[in-house]
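my_file_32.cif (mmCIF, C-alpha atoms) appears below.
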data_my_file
loop_
_atom_site.label_atom_id
_atom_site.label_comp_id
_atom_site.auth_asym_id
_atom_site.auth_seq_id
_atom_site.Cartn_x
_atom_site.Cartn_y
_atom_site.Cartn_z
CA MET A 214 -29.83 -28.43 -0.89
CA ARG A 215 -31.09 -31.91 0.04
CA SER A 216 -27.60 -33.06 1.10
CA LEU A 217 -27.17 -29.95 3.26
CA ILE A 218 -30.48 -30.53 5.06
CA LEU A 219 -29.67 -34.20 5.56
CA ALA A 220 -26.35 -33.37 7.19
CA LEU A 221 -27.99 -30.97 9.65
CA ALA A 222 -30.75 -33.45 10.51
CA LEU A 223 -28.19 -36.18 11.10
CA GLY A 224 -26.28 -33.89 13.48
CA ALA A 225 -29.44 -33.24 15.50
CA THR A 226 -30.08 -36.99 15.78
CA LEU A 227 -26.61 -37.67 17.09
CA LEU A 228 -26.89 -34.92 19.69
CA GLY A 229 -30.01 -36.54 21.05
CA CYS A 230 -28.04 -39.68 21.96
CA ASP A 231 -25.34 -38.06 24.09
CA THR A 232 -24.97 -35.73 27.02
CA ALA A 233 -23.42 -32.27 27.02
CA SER A 234 -20.35 -33.69 28.75
CA THR A 235 -19.62 -36.17 25.95
CA VAL A 236 -20.38 -34.09 22.85
CA GLU A 237 -18.27 -31.15 21.70
CA ASP A 238 -20.19 -27.99 20.93
CA PRO A 239 -21.16 -28.50 17.25
CA THR A 240 -21.05 -24.77 16.51
CA SER A 241 -17.30 -24.84 16.93
CA GLN A 242 -17.05 -27.52 14.23
CA HIS A 243 -19.63 -26.63 11.59
CA PHE A 244 -22.38 -24.06 11.10
CA ILE A 245 -24.27 -21.85 8.67
CA LYS A 246 -24.84 -18.29 9.88
CA PHE A 247 -26.32 -15.13 8.42
CA TYR A 248 -25.13 -11.58 9.10
CA GLY A 249 -26.32 -8.06 8.46
CA ARG A 250 -28.67 -5.37 9.57
CA ASP A 251 -31.87 -4.02 8.02
CA GLY A 252 -31.97 -4.54 4.25
CA ASP A 253 -29.67 -6.69 2.14
CA GLN A 254 -26.07 -7.66 2.92
CA THR A 255 -23.87 -9.51 0.44
CA GLY A 256 -20.61 -11.31 1.23
CA CYS A 257 -17.58 -11.21 -1.06
CA ASP A 258 -14.44 -12.07 0.92
CA LEU A 259 -12.94 -12.77 4.35
CA VAL A 260 -9.68 -12.82 6.29
CA VAL A 261 -8.89 -15.53 8.86
CA LEU A 262 -6.80 -14.19 11.76
CA PRO A 263 -4.23 -16.20 13.75
CA ASP A 264 -6.58 -16.52 16.75
CA GLY A 265 -9.23 -18.18 14.58
CA SER A 266 -11.50 -15.14 14.39
CA MET A 267 -12.55 -13.89 10.96
CA ILE A 268 -13.11 -10.53 9.28
CA LEU A 269 -16.08 -10.64 6.88
CA PHE A 270 -16.38 -8.13 4.02
CA GLY A 271 -19.38 -7.33 1.86
CA THR A 272 -21.91 -4.72 0.77
CA SER A 273 -24.94 -3.48 2.72
CA ARG A 274 -28.07 -2.10 1.04
CA PRO A 275 -30.59 -0.42 3.39
CA THR A 276 -34.32 -1.04 2.96
CA ALA A 277 -34.98 2.65 2.26
CA PRO A 278 -34.43 3.20 -1.49
CA THR A 279 -33.10 6.72 -0.89
CA LEU A 280 -30.13 5.45 1.13
CA ALA A 281 -26.91 4.38 -0.56
CA THR A 282 -25.18 1.02 -0.32
CA GLN A 283 -22.12 0.88 1.91
CA TRP A 284 -19.28 -1.47 2.72
CA TYR A 285 -20.13 -3.93 5.49
CA LEU A 286 -17.33 -5.22 7.74
CA ALA A 287 -17.69 -7.58 10.69
CA ARG A 288 -15.38 -9.52 12.97
CA VAL A 289 -16.65 -12.87 14.26
CA ASP A 290 -15.09 -15.39 16.63
CA PRO A 291 -14.30 -19.00 15.57
CA LYS A 292 -17.92 -19.97 16.33
CA GLY A 293 -19.24 -17.20 14.10
CA VAL A 294 -20.40 -14.93 16.95
CA ILE A 295 -20.13 -11.23 16.09
CA VAL A 296 -17.40 -9.32 17.95
CA TRP A 297 -18.06 -6.03 16.15
CA GLU A 298 -19.57 -4.80 12.88
CA SER A 299 -19.12 -1.55 10.96
CA GLU A 300 -20.28 0.12 7.77
CA PHE A 301 -18.31 2.55 5.61
CA GLY A 302 -19.55 4.78 2.83
CA GLY A 303 -20.74 8.17 1.69
CA LEU A 304 -23.77 9.64 -0.06
CA ASN A 305 -23.41 7.49 -3.18
CA ASN A 306 -23.39 3.75 -3.65
CA GLU A 307 -20.31 1.76 -2.67
CA GLU A 308 -19.62 -1.91 -3.49
CA ALA A 309 -17.10 -4.25 -1.85
CA ARG A 310 -14.61 -6.37 -3.80
CA ASP A 311 -11.57 -7.59 -1.81
CA ILE A 312 -10.01 -7.60 1.66
CA GLU A 313 -6.45 -8.56 2.68
CA LEU A 314 -4.43 -8.63 5.91
CA THR A 315 -1.32 -6.46 5.67
CA SER A 316 2.16 -7.02 7.08
CA ALA A 317 1.39 -4.24 9.60
CA ASN A 318 -1.51 -6.38 10.95
CA GLN A 319 -4.11 -4.06 9.47
CA LEU A 320 -6.81 -4.60 6.87
CA VAL A 321 -6.81 -3.19 3.37
CA LEU A 322 -10.16 -3.06 1.57
CA VAL A 323 -10.88 -2.28 -2.06
CA GLY A 324 -14.05 -1.76 -4.04
CA ASN A 325 -15.90 0.86 -6.02
CA THR A 326 -17.68 4.13 -5.31
CA TYR A 327 -20.20 5.58 -7.73
CA GLY A 328 -20.18 9.08 -9.22
CA ASN A 329 -22.02 12.23 -8.23
CA THR A 330 -25.49 11.12 -9.29
CA PHE A 331 -27.02 8.48 -7.04
CA GLN A 332 -27.86 6.02 -9.84
CA SER A 333 -24.69 6.69 -11.82
CA THR A 334 -22.84 3.92 -13.65
CA ASP A 335 -19.63 5.94 -13.38
CA ARG A 336 -17.54 4.10 -10.77
CA ASP A 337 -14.15 4.98 -9.33
CA VAL A 338 -11.87 2.71 -7.31
CA MET A 339 -11.93 3.17 -3.55
CA ILE A 340 -9.28 1.82 -1.17
CA MET A 341 -9.31 1.90 2.62
CA THR A 342 -7.15 0.75 5.52
CA VAL A 343 -8.86 -0.38 8.73
CA GLY A 344 -7.58 -1.63 12.09
CA LEU A 345 -8.49 -5.03 13.49
CA ASP A 346 -10.86 -3.17 15.81
CA GLY A 347 -12.93 -2.03 12.82
CA ILE A 348 -11.80 1.61 13.05
CA LYS A 349 -10.97 3.29 9.75
CA ILE A 350 -7.36 4.45 9.37
CA ASP A 351 -7.33 6.06 5.92
CA SER A 352 -9.09 5.97 2.56
CA ALA A 353 -8.76 7.28 -0.98
CA THR A 354 -10.91 7.47 -4.10
CA ILE A 355 -8.90 6.92 -7.27
CA PRO A 356 -10.24 8.08 -10.65
CA VAL A 357 -8.38 6.59 -13.59
CA ARG A 358 -5.75 8.83 -15.23
CA ASP A 359 -4.55 9.16 -18.81
CA ILE A 360 -0.90 8.72 -19.79
CA PHE A 361 -0.22 12.35 -18.82
CA GLY A 362 -1.64 11.88 -15.33
CA VAL A 363 -4.87 13.78 -15.98
CA PRO A 364 -7.93 12.27 -14.22
CA ILE A 365 -10.56 11.01 -16.65
CA THR A 366 -14.25 11.61 -15.91
CA GLY A 367 -17.25 9.72 -17.24
CA THR A 368 -15.54 6.32 -17.39
CA ASP A 369 -16.37 3.23 -15.36
CA GLU A 370 -13.74 1.50 -13.22
CA ASP A 371 -14.39 -1.88 -11.58
CA ALA A 372 -11.83 -2.96 -8.97
CA ALA A 373 -11.19 -6.70 -8.63
CA ALA A 374 -8.50 -7.19 -5.97
CA VAL A 375 -5.81 -5.45 -3.93
CA THR A 376 -2.33 -6.78 -3.06
CA GLU A 377 0.28 -5.39 -0.70
CA THR A 378 3.60 -4.41 -2.27
CA THR A 379 6.96 -3.44 -0.80
CA ASP A 380 5.91 0.22 -0.64
CA GLY A 381 2.13 0.17 -0.71
CA PHE A 382 -0.58 -1.58 -2.72
CA ILE A 383 -1.48 -2.52 -6.29
CA ILE A 384 -5.08 -2.80 -7.49
CA SER A 385 -6.38 -4.91 -10.36
CA GLY A 386 -9.64 -4.55 -12.29
CA SER A 387 -10.88 -2.98 -15.51
CA THR A 388 -11.92 0.37 -16.96
CA THR A 389 -13.88 1.71 -19.92
CA TYR A 390 -11.10 4.28 -20.42
CA VAL A 391 -9.25 2.79 -23.40
CA TYR A 392 -6.44 4.60 -25.16
CA ALA A 393 -6.32 4.70 -28.98
CA LYS A 394 -5.21 1.47 -30.70
CA ALA A 395 -5.38 -0.06 -34.16
CA ALA A 396 -8.78 -1.65 -34.70
CA VAL A 397 -9.10 -5.43 -34.98
CA ALA A 398 -11.85 -6.92 -37.15
CA GLY A 399 -14.54 -8.70 -35.15
CA LEU A 400 -13.59 -7.04 -31.84
CA ALA A 401 -14.56 -3.93 -29.91
CA ASP A 402 -12.24 -2.08 -27.56
CA THR A 403 -14.58 -2.03 -24.56
CA ARG A 404 -12.35 -2.21 -21.46
CA ASP A 405 -8.67 -2.17 -20.52
CA ALA A 406 -7.06 -3.83 -17.51
CA LEU A 407 -6.27 -1.78 -14.41
CA LYS A 408 -2.91 -1.81 -12.61
CA ILE A 409 -3.21 1.05 -10.13
CA ARG A 410 -0.38 1.55 -7.64
CA VAL A 411 -0.56 3.55 -4.42
CA TYR A 412 1.87 4.09 -1.57
CA SER A 413 1.24 2.87 1.97
CA ASN A 414 -0.43 6.20 2.79
CA LEU A 415 -2.77 5.56 -0.20
CA SER A 416 -1.38 8.41 -2.30
CA ILE A 417 -1.22 7.64 -6.03
CA TYR A 418 2.00 6.68 -7.76
CA PRO A 419 3.67 9.22 -10.10
CA ASN A 420 2.54 9.54 -13.71
CA THR A 421 5.46 7.40 -14.91
CA TRP A 422 3.43 4.39 -13.78
CA ILE A 423 0.60 4.00 -16.32
CA GLN A 424 -2.59 2.73 -14.68
CA THR A 425 -4.11 0.85 -17.64
CA TYR A 426 -3.09 -1.72 -20.23
CA GLY A 427 -4.88 -3.66 -22.93
CA TYR A 428 -5.48 -4.53 -26.56
CA PHE A 429 -8.27 -3.59 -28.94
CA SER A 430 -10.54 -5.97 -27.05
CA ASP A 431 -12.24 -6.57 -23.71
CA ASP A 432 -9.44 -6.84 -21.11
CA ALA A 433 -9.41 -7.15 -17.31
CA SER A 434 -6.88 -7.95 -14.61
CA THR A 435 -8.11 -10.22 -11.81
CA LYS A 436 -5.04 -10.31 -9.56
CA ILE A 437 -1.58 -8.72 -9.54
CA VAL A 438 1.24 -9.87 -7.25
CA GLU A 439 4.71 -8.44 -6.70
CA ALA A 440 7.25 -11.13 -7.57
CA THR A 441 10.35 -9.11 -6.76
CA ALA A 442 10.79 -5.42 -5.98
CA GLY A 443 9.51 -3.68 -9.10
CA THR A 444 8.41 -6.83 -10.93
CA PHE A 445 4.76 -7.89 -11.04
CA HIS A 446 2.86 -10.94 -12.26
CA VAL A 447 -0.56 -10.13 -13.71
CA PHE A 448 -3.50 -12.51 -14.19
CA GLY A 449 -6.78 -11.72 -15.90
CA TYR A 450 -8.74 -12.40 -19.07
CA THR A 451 -9.06 -10.99 -22.58
CA ASN A 452 -10.79 -11.71 -25.89
CA ASN A 453 -7.77 -10.47 -27.80
CA LEU A 454 -6.74 -12.91 -30.51
CA PRO A 455 -3.65 -14.90 -29.43
CA SER A 456 -1.16 -15.95 -32.07
CA GLY A 457 -2.62 -18.73 -34.20
CA GLN A 458 -6.21 -18.18 -33.06
CA THR A 459 -8.67 -16.77 -35.59
CA VAL A 460 -11.99 -16.88 -33.71
CA PRO A 461 -12.48 -14.09 -31.14
CA ASN A 462 -13.28 -15.55 -27.72
CA TYR A 463 -12.16 -15.13 -24.13
CA ASN A 464 -9.08 -16.72 -22.61
CA TYR A 465 -7.21 -16.42 -19.34
CA TRP A 466 -4.28 -14.01 -19.57
CA ALA A 467 -0.93 -13.92 -17.74
CA TYR A 468 2.05 -11.60 -18.20
CA ILE A 469 4.82 -9.72 -16.37
CA LEU A 470 5.17 -6.01 -15.64
CA GLY A 471 8.51 -4.29 -15.13
CA ALA A 472 9.37 -1.48 -12.74
CA ASN A 473 7.71 1.16 -14.96
CA GLY A 474 4.52 -0.87 -15.38
CA ASP A 475 5.17 -1.97 -18.96
CA PRO A 476 4.88 -5.65 -20.04
CA THR A 477 8.34 -7.21 -20.26
CA THR A 478 7.80 -10.70 -21.70
CA GLN A 479 5.62 -12.79 -23.94
CA GLN A 480 2.08 -13.34 -22.73
CA VAL A 481 0.19 -16.63 -22.31
CA TYR A 482 -3.52 -17.30 -22.77
CA PRO A 483 -4.70 -20.46 -20.98
CA GLY A 484 -7.99 -21.55 -22.48
CA THR A 485 -9.53 -23.22 -25.51
CA SER A 486 -9.72 -21.95 -29.07
CA SER A 487 -13.46 -22.59 -29.35
CA GLY A 488 -14.87 -21.52 -25.96
CA ASN A 489 -14.90 -18.56 -23.61
CA GLU A 490 -12.84 -18.81 -20.42
CA ARG A 491 -12.91 -15.90 -17.98
CA LEU A 492 -10.53 -15.88 -15.02
CA SER A 493 -12.02 -14.76 -11.70
CA SER A 494 -9.83 -16.32 -8.97
CA PHE A 495 -6.20 -16.97 -8.13
CA CYS A 496 -3.97 -18.60 -5.53
CA PHE A 497 -0.35 -19.70 -5.22
CA SER A 498 0.64 -23.26 -6.07
CA PRO A 499 3.79 -25.27 -5.25
CA ILE A 500 5.21 -24.51 -8.69
CA GLY A 501 3.63 -21.18 -9.50
CA TYR A 502 0.01 -20.07 -9.65
CA PHE A 503 -3.36 -21.81 -9.75
CA LEU A 504 -6.12 -20.04 -11.68
CA GLY A 505 -9.89 -20.55 -11.61
CA GLY A 506 -12.91 -19.27 -13.46
CA LEU A 507 -15.73 -20.26 -15.79
CA ALA A 508 -15.77 -21.78 -19.26
CA GLN A 509 -18.72 -21.33 -21.60
CA SER A 510 -18.80 -23.12 -24.94
CA GLY A 511 -21.73 -22.58 -27.30
CA SER A 512 -25.18 -23.06 -25.83
CA GLY A 513 -24.19 -25.84 -23.41
CA PRO A 514 -23.90 -25.48 -19.63
CA ALA A 515 -21.07 -23.48 -18.08
CA ASP A 516 -18.21 -25.33 -16.40
CA LEU A 517 -15.46 -24.61 -13.90
CA PHE A 518 -12.17 -24.06 -15.72
CA ILE A 519 -8.77 -24.30 -14.04
CA SER A 520 -5.19 -23.79 -15.11
CA GLU A 521 -1.77 -23.84 -13.49
CA VAL A 522 1.11 -21.73 -14.71
CA ASN A 523 4.70 -21.92 -13.52
CA ILE A 524 6.84 -19.27 -11.91
CA PRO A 525 7.97 -17.54 -15.09
CA ASP A 526 11.38 -17.41 -16.67
CA ALA A 527 12.75 -13.86 -16.67
CA LEU A 528 13.16 -13.90 -20.46
CA LEU A 529 10.54 -16.35 -21.72
CA GLY A 530 7.74 -15.53 -19.33
CA PHE A 531 5.03 -17.92 -18.18
CA SER A 532 4.35 -21.40 -19.44
CA VAL A 533 1.09 -23.31 -18.98
CA VAL A 534 1.44 -26.52 -16.93
CA TYR A 535 -2.14 -27.63 -17.60
CA GLU A 536 -5.54 -26.19 -18.49
CA LYS A 537 -8.85 -28.03 -18.26
CA SER A 538 -12.56 -27.93 -17.63
CA LEU A 539 -13.75 -29.94 -14.63
CA SER A 540 -16.81 -31.40 -16.42
CA ILE A 541 -19.18 -30.06 -13.75
CA ALA A 542 -22.36 -28.83 -15.45
CA LEU A 543 -23.17 -25.50 -13.80
CA GLY A 544 -26.31 -24.69 -15.78
CA THR A 545 -27.00 -21.69 -17.98
CA ASN A 546 -25.11 -18.46 -17.38
CA PRO A 547 -24.43 -18.71 -13.64
CA SER A 548 -22.64 -15.80 -11.98
CA GLY A 549 -18.97 -15.81 -12.96
CA VAL A 550 -17.70 -15.44 -9.39
CA THR A 551 -15.27 -18.20 -8.36
CA SER A 552 -12.72 -18.68 -5.58
CA VAL A 553 -9.74 -21.03 -5.29
CA PHE A 554 -7.59 -21.88 -2.29
CA PRO A 555 -4.68 -24.31 -1.74
CA SER A 556 -5.24 -27.26 0.59
CA GLN A 557 -2.57 -28.06 3.18
CA ASN A 558 -3.00 -31.74 2.25
CA GLY A 559 -2.32 -31.07 -1.43
CA GLY A 560 -4.57 -29.88 -4.23
CA PHE A 561 -6.97 -26.96 -4.36
CA PHE A 562 -10.51 -26.10 -3.36
CA VAL A 563 -12.63 -24.56 -6.14
CA LEU A 564 -15.82 -22.64 -5.34
CA GLY A 565 -18.33 -21.38 -7.89
CA ASN A 566 -22.02 -20.99 -8.65
CA GLU A 567 -24.47 -23.30 -10.41
CA ASN A 568 -28.15 -23.12 -11.33
CA GLY A 569 -28.86 -26.65 -12.55
CA PHE A 570 -29.51 -28.38 -9.21
CA ASN A 571 -32.89 -26.88 -8.29
CA SER A 572 -33.40 -24.18 -10.97
CA ASN A 573 -32.00 -21.55 -8.60
CA GLN A 574 -28.43 -20.35 -8.29
CA ASN A 575 -26.49 -22.11 -5.52
CA TRP A 576 -22.89 -22.36 -4.38
CA VAL A 577 -20.92 -25.39 -5.59
CA LEU A 578 -17.65 -26.59 -4.03
CA THR A 579 -15.21 -29.20 -5.26
CA LYS A 580 -11.57 -30.13 -4.76
CA VAL A 581 -8.91 -31.00 -7.32
CA ASN A 582 -5.56 -32.75 -6.98
CA LEU A 583 -2.23 -31.10 -7.76
CA ASP A 584 -2.46 -32.29 -11.36
CA GLY A 585 -5.92 -30.77 -11.79
CA SER A 586 -7.84 -34.05 -11.62
CA LEU A 587 -10.94 -34.18 -9.44
CA ALA A 588 -10.24 -35.22 -5.85
CA TRP A 589 -13.97 -35.37 -5.00
CA SER A 590 -16.18 -37.57 -7.15
CA THR A 591 -19.23 -35.41 -6.42
CA PRO A 592 -19.25 -31.65 -5.78
CA ILE A 593 -21.06 -30.22 -2.76
CA VAL A 594 -23.97 -27.84 -3.39
CA TYR A 595 -25.04 -25.23 -0.81
CA GLY A 596 -28.12 -23.11 -1.23
CA GLY A 597 -31.87 -22.83 -0.99
CA GLU A 598 -34.86 -21.89 -3.10
CA GLY A 599 -33.72 -18.32 -3.69
CA LEU A 600 -30.83 -16.74 -5.56
CA ASP A 601 -27.50 -17.42 -3.82
CA GLU A 602 -24.00 -16.28 -4.83
CA CYS A 603 -20.67 -17.49 -3.52
CA GLY A 604 -17.88 -15.20 -2.38
CA ALA A 605 -14.70 -16.97 -1.22
CA VAL A 606 -13.38 -20.25 0.18
CA GLN A 607 -10.51 -20.80 2.63
CA GLU A 608 -9.12 -23.76 4.52
CA LEU A 609 -8.68 -23.33 8.28
CA PRO A 610 -5.55 -24.58 10.11
CA ASP A 611 -7.49 -27.59 11.46
CA GLY A 612 -8.40 -28.66 7.92
CA ARG A 613 -12.00 -27.47 8.06
CA ILE A 614 -13.36 -25.28 5.29
CA ILE A 615 -14.88 -21.82 5.65
CA LEU A 616 -17.09 -20.30 2.92
CA ILE A 617 -18.51 -16.80 2.57
CA GLY A 618 -21.10 -15.49 0.17
CA THR A 619 -24.71 -14.40 -0.09
CA MET A 620 -27.95 -16.33 0.42
CA ARG A 621 -31.55 -15.22 0.19
CA THR A 622 -33.55 -15.75 3.36
CA GLY A 623 -37.33 -15.93 3.66
CA ARG A 624 -39.37 -16.07 0.46
CA PRO A 625 -37.38 -17.16 -2.63
CA ASP A 626 -38.68 -14.21 -4.65
CA ALA A 627 -38.83 -11.52 -1.96
CA GLY A 628 -36.64 -12.42 1.02
CA GLU A 629 -33.68 -10.35 2.13
CA PHE A 630 -30.16 -11.20 1.01
CA LYS A 631 -27.76 -11.85 3.88
CA LEU A 632 -24.01 -12.24 4.14
CA THR A 633 -23.64 -15.96 4.79
CA LEU A 634 -20.81 -17.84 6.51
CA ILE A 635 -20.58 -21.63 6.31
CA LYS A 636 -18.11 -23.83 8.21
CA VAL A 637 -17.84 -27.49 7.18
CA ASN A 638 -15.42 -30.38 7.53
CA SER A 639 -12.49 -31.12 5.20
CA GLU A 640 -14.86 -32.87 2.77
CA GLY A 641 -17.29 -29.99 2.60
CA LYS A 642 -19.91 -31.64 4.83
CA PHE A 643 -21.74 -30.70 8.04
CA GLU A 644 -20.24 -33.65 9.91
CA ASN A 645 -17.48 -34.14 12.46
#
Reformat the file's structure so that it appears as structure tokens.
Amino acid sequence: MRSLILALALGATLLGCDTASTVEDPTSQHFIKFYGRDGDQTGCDLVVLPDGSMILFGTSRPTAPTLATQWYLARVDPKGVIVWESEFGGLNNEEARDIELTSANQLVLVGNTYGNTFQSTDRDVMIMTVGLDGIKIDSATIPVRDIFGVPITGTDEDAAAVTETTDGFIISGSTTYVYAKAAVAGLADTRDALKIRVYSNLSIYPNTWIQTYGYFSDDASTKIVEATAGTFHVFGYTNNLPSGQTVPNYNYWAYILGANGDPTTQQVYPGTSSGNERLSSFCFSPIGYFLGGLAQSGSGPADLFISEVNIPDALLGFSVVYEKSLSIALGTNPSGVTSVFPSQNGGFFVLGNENGFNSNQNWVLTKVNLDGSLAWSTPIVYGGEGLDECGAVQELPDGRIILIGTMRTGRPDAGEFKLTLIKVNSEGKFEN
């Protein structure tokens, strides 16, 4: 936090030495802004539009405890000024997860909606399309189905991301609905990965496409992309035992789905044999895919863990180009949210959370080169005295960096949470 305050103080000093005619408006170059209405608002993701405006996506919790959480959506101009803001939801709690811009120049949103009882832990996936004016186009709630197409009740689905396909959308995540499998010693079959497909009108795919997949373990899909028509690349994590590994722990997980949704090739598990690596973010790389998440080994501090996998061979599947921890001590059990994004100058930005800087959870940003080595000698920490959680990072066309997440305002132990947007230079600093 000290470096963030220093950068803002330095900017104020410089402004005092010039006139308005010689200094560009600093709010167009860098800022930190908070958004939301009464209550708490959290930020999870954003879309940057061609005109430089941004669509911010998160969750809004009213102050009144009897009111449900809803999705919060806002459009802001390049300076962060609100153009419009909307909320979407029903009588029960909703939580935001992912937003994408479609080829039809609309927005697709995905998250979760809770069951019939207000405090239920039974979540279903919810998907929605929205215009760039913030007006809802369509929505659908999707309970998980068994292999016969029968909706299952009483299970918990957690959406992770949505991706546009040639005929609609595919949703990743996890579910407590697990079909029967042979037990594996030392493991519990707690969750299976989701791979839900819907058409462009948000109707569910036929029963021939099975919505879940997993082992006798804890499995989740983080992102699914359509490689060719009917072929999908899936990225997630699992604590299934890979070949040659005898100690149950978590690894990243990558595999291919065919046209009917069944795995078609061997699967790869980037990670270490002695630690736990959980994948939570994804982006494209020049040779394939760049993956980010957290590594936790024993009782030591957590670390950012990255891996790059190539565009897979049709027969042999994926191969791991590299896998490594970044040796950035993040403290004890920080939130597992991370975000990665390719830089136009080469390499990748990696955003996560840490709680070792001032004993509170803050955002931490670094950059790595194409080979995975650190491009910045020191990561940048953003946060205050309260609990903060990152959402997503993107690079703007001018090379500046935009970050979204959640920060606590006011008292560290009692202030409201607000959706937070930060714009910094290409080195992550509040400087021109």
Surrounding residues of segment 277-281 of chain A excluding itself and chain neighbours under 5 positions, 10 Å, all atoms listed in the file, as a list in words: Asp251, Gly252, Gly302, Gly303, Leu304, Asn305, Asn306, Glu307, Tyr327, Phe331 and Gln332 of chain A
Counting only C-alpha atoms, write as a list in words all protein and nucleic acid residues lying at most 8 Å from (1.7, -11.0, -11.4) in the file's frame. Lys436, Ile437, Val438, Glu439, Ala440, Thr444, Phe445, His446, Val447, Phe448, Ala467, Tyr468, Ile469 and Leu470 of chain A
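Nearest to Thr368 of chain A of all the residues A:Gly565, A:Pro499, A:Gly549, A:Pro356 is A:Pro356, counting only C-alpha atoms.
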Run the PyMOL selection byres ((chain A and resi 535) around 6) on the file and write out the hits as a PDB file with C-alpha atoms, keeping the file's coordinate frame.
ATOM      1  CA  SER A 520      -5.190 -23.790 -15.110  1.00  0.00           C
ATOM      2  CA  GLU A 521      -1.770 -23.840 -13.490  1.00  0.00           C
ATOM      3  CA  VAL A 533       1.090 -23.310 -18.980  1.00  0.00           C
ATOM      4  CA  VAL A 534       1.440 -26.520 -16.930  1.00  0.00           C
ATOM      5  CA  GLU A 536      -5.540 -26.190 -18.490  1.00  0.00           C
TER       6      GLU A 536
END
Output of the PyMOL selection byres ((chain A and resi 345) around 9), listed as a list of chain:residue names: A:Ile268, A:Arg288, A:Asn318, A:Gln319, A:Leu320, A:Val343, A:Gly344, A:Asp346, A:Gly347, A:Ile348
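Interatomic distance, atom CA of Thr389 of chain A against atom CA of Asp369 of chain A: 5.4 Å.
Residue nearest Glu640 of chain A within the list A:Thr282, A:Ser493, A:Ser572, A:Thr591: A:Thr591 [criterion: smallest interatomic distance, all atoms listed in the file].
Here atom CA of Thr342 of chain A and atom CA of Thr272 of chain A stand 16.4 Å from one another.
In this structure, atom CA of Leu583 of chain A sits 14.6 Å away from atom CA of Ser538 of chain A.
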Given all atoms listed in the file as the basis, pick out the residue of A:Ser532, A:Thr378, A:Ser590, A:Thr276 nearest to Thr478 of chain A. A:Ser532
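With only C-alpha atoms as the atoms that count, the residue of A:Asp431, A:Glu298, A:Asp402, A:Glu308 with the shortest distance to Trp284 of chain A is A:Glu308.
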Write segment 521-534 of chain A as a compact mmCIF listing (two decimals), in the coordinates of the input, completed to N, CA and C atoms.
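Once everything was written out, this is result.txt:
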# COMPACT_ATOMS: atom_id res chain seq x y z
N GLU A 521 -2.94 -24.12 -14.31
CA GLU A 521 -1.77 -23.84 -13.49
C GLU A 521 -0.66 -23.34 -14.39
N VAL A 522 -0.02 -22.26 -13.98
CA VAL A 522 1.11 -21.73 -14.71
C VAL A 522 2.31 -21.70 -13.78
N ASN A 523 3.50 -21.83 -14.36
CA ASN A 523 4.70 -21.92 -13.52
C ASN A 523 5.20 -20.54 -13.13
N ILE A 524 6.13 -20.51 -12.19
CA ILE A 524 6.84 -19.27 -11.91
C ILE A 524 7.65 -18.93 -13.15
N PRO A 525 7.44 -17.78 -13.75
CA PRO A 525 7.97 -17.54 -15.09
C PRO A 525 9.48 -17.36 -15.17
N ASP A 526 9.99 -17.70 -16.31
CA ASP A 526 11.38 -17.41 -16.67
C ASP A 526 11.50 -15.91 -16.95
N ALA A 527 12.58 -15.31 -16.53
CA ALA A 527 12.75 -13.86 -16.67
C ALA A 527 12.69 -13.41 -18.13
N LEU A 528 13.13 -14.27 -19.05
CA LEU A 528 13.16 -13.90 -20.46
C LEU A 528 11.96 -14.45 -21.22
N LEU A 529 11.57 -15.69 -20.93
CA LEU A 529 10.54 -16.35 -21.72
C LEU A 529 9.13 -16.15 -21.16
N GLY A 530 9.04 -15.76 -19.91
CA GLY A 530 7.74 -15.53 -19.33
C GLY A 530 7.09 -16.81 -18.82
N PHE A 531 5.77 -16.80 -18.72
CA PHE A 531 5.03 -17.92 -18.18
C PHE A 531 4.95 -19.08 -19.17
N SER A 532 4.76 -20.26 -18.63
CA SER A 532 4.35 -21.40 -19.44
C SER A 532 3.20 -22.09 -18.74
N VAL A 533 2.29 -22.68 -19.52
CA VAL A 533 1.09 -23.31 -18.98
C VAL A 533 1.41 -24.76 -18.64
N VAL A 534 1.21 -25.15 -17.37
CA VAL A 534 1.44 -26.52 -16.93
C VAL A 534 0.27 -27.40 -17.35
